[in-house]
Amino acid sequence: MFSYRVGFPGWKLAARLGVPLRVVVNVIFDSETGYFTALSDDFNPEAGIAAEAKTWDELVKEVESEIEEAMEFIFKNKHEDEVTPFFVPVAC
């Protein structure tokens with residue numbers, strides 16, 4: 001499936017046009033603490049994604065929530081029109 005990466009030139013226009021978006025999230029597992037940590041700088045400098053959870057499923061929910069909040073922050077502060085981006089969580 002075609003998707004356009006958040007942070008690349010024109011991604012906000014692509015979102016407004018309904019193009020599926022992709023966010024690259026780096027995940028590490030700390031075996032000492034037993035927590036997954038997810039970070040993404042695709043939304044920088046306007047917003048950032050950082051989440052931590054004990055399980056993979058919890059982490060996915062946290063990241064999805066963070067992405068939703070970042071999109072709301074970016075589009076509600078810059079544009080009054082409603083944008084509903086389409087994200088497909090992908091585990092690598």
# chains A, B, ... in the order shown; residues from 1 in each chain; ligands from 1
$ residues_around --residues "A:Val24" --least-positions-apart "4" --cutoff "9 Å" --atoms "only C-alpha atoms" --output "ChimeraX atom specification"
/A:5-6,39-42
$ select_by_dssp --residues "chain A" --states "strand (DSSP E or B)" --output "NGL selection string"
:A and (4-5 or 21-22 or 26-30 or 35-40 or 49-53 or 87)
$ atom_distance --atom1 "atom CA of A:Phe75" --atom2 "atom CA of A:Ala53"
27.0 Å
$ residues_around --residues "stretch 54-70 of chain A" --least-positions-apart "6" --cutoff "7 Å" --atoms "only C-alpha atoms" --output "PyMOL selection string"
chain A and resi 34-36+47
$ select_by_dssp --residues "chain A" --states "alpha helix (DSSP H)" --output "MDAnalysis selection string"
chainID A and resid 11:16 56:78
$ closest_residue --among "A:Ala50, A:Phe8, A:Ala15, A:Phe43" --to "A:Ile28" --atoms "only C-alpha atoms"
A:Ala50
$ residues_around --residues "A:Ala38" --least-positions-apart "4" --cutoff "7 Å" --atoms "only C-alpha atoms" --output "list in words"
Val25, Asn26, Val27, Ile28, Ala50, Ala51 and Glu52 of chain A
$ closest_residue --among "A:Pro45, A:Gly7, A:Met1, A:Phe73" --to "A:Val23" --atoms "only C-alpha atoms"
A:Gly7
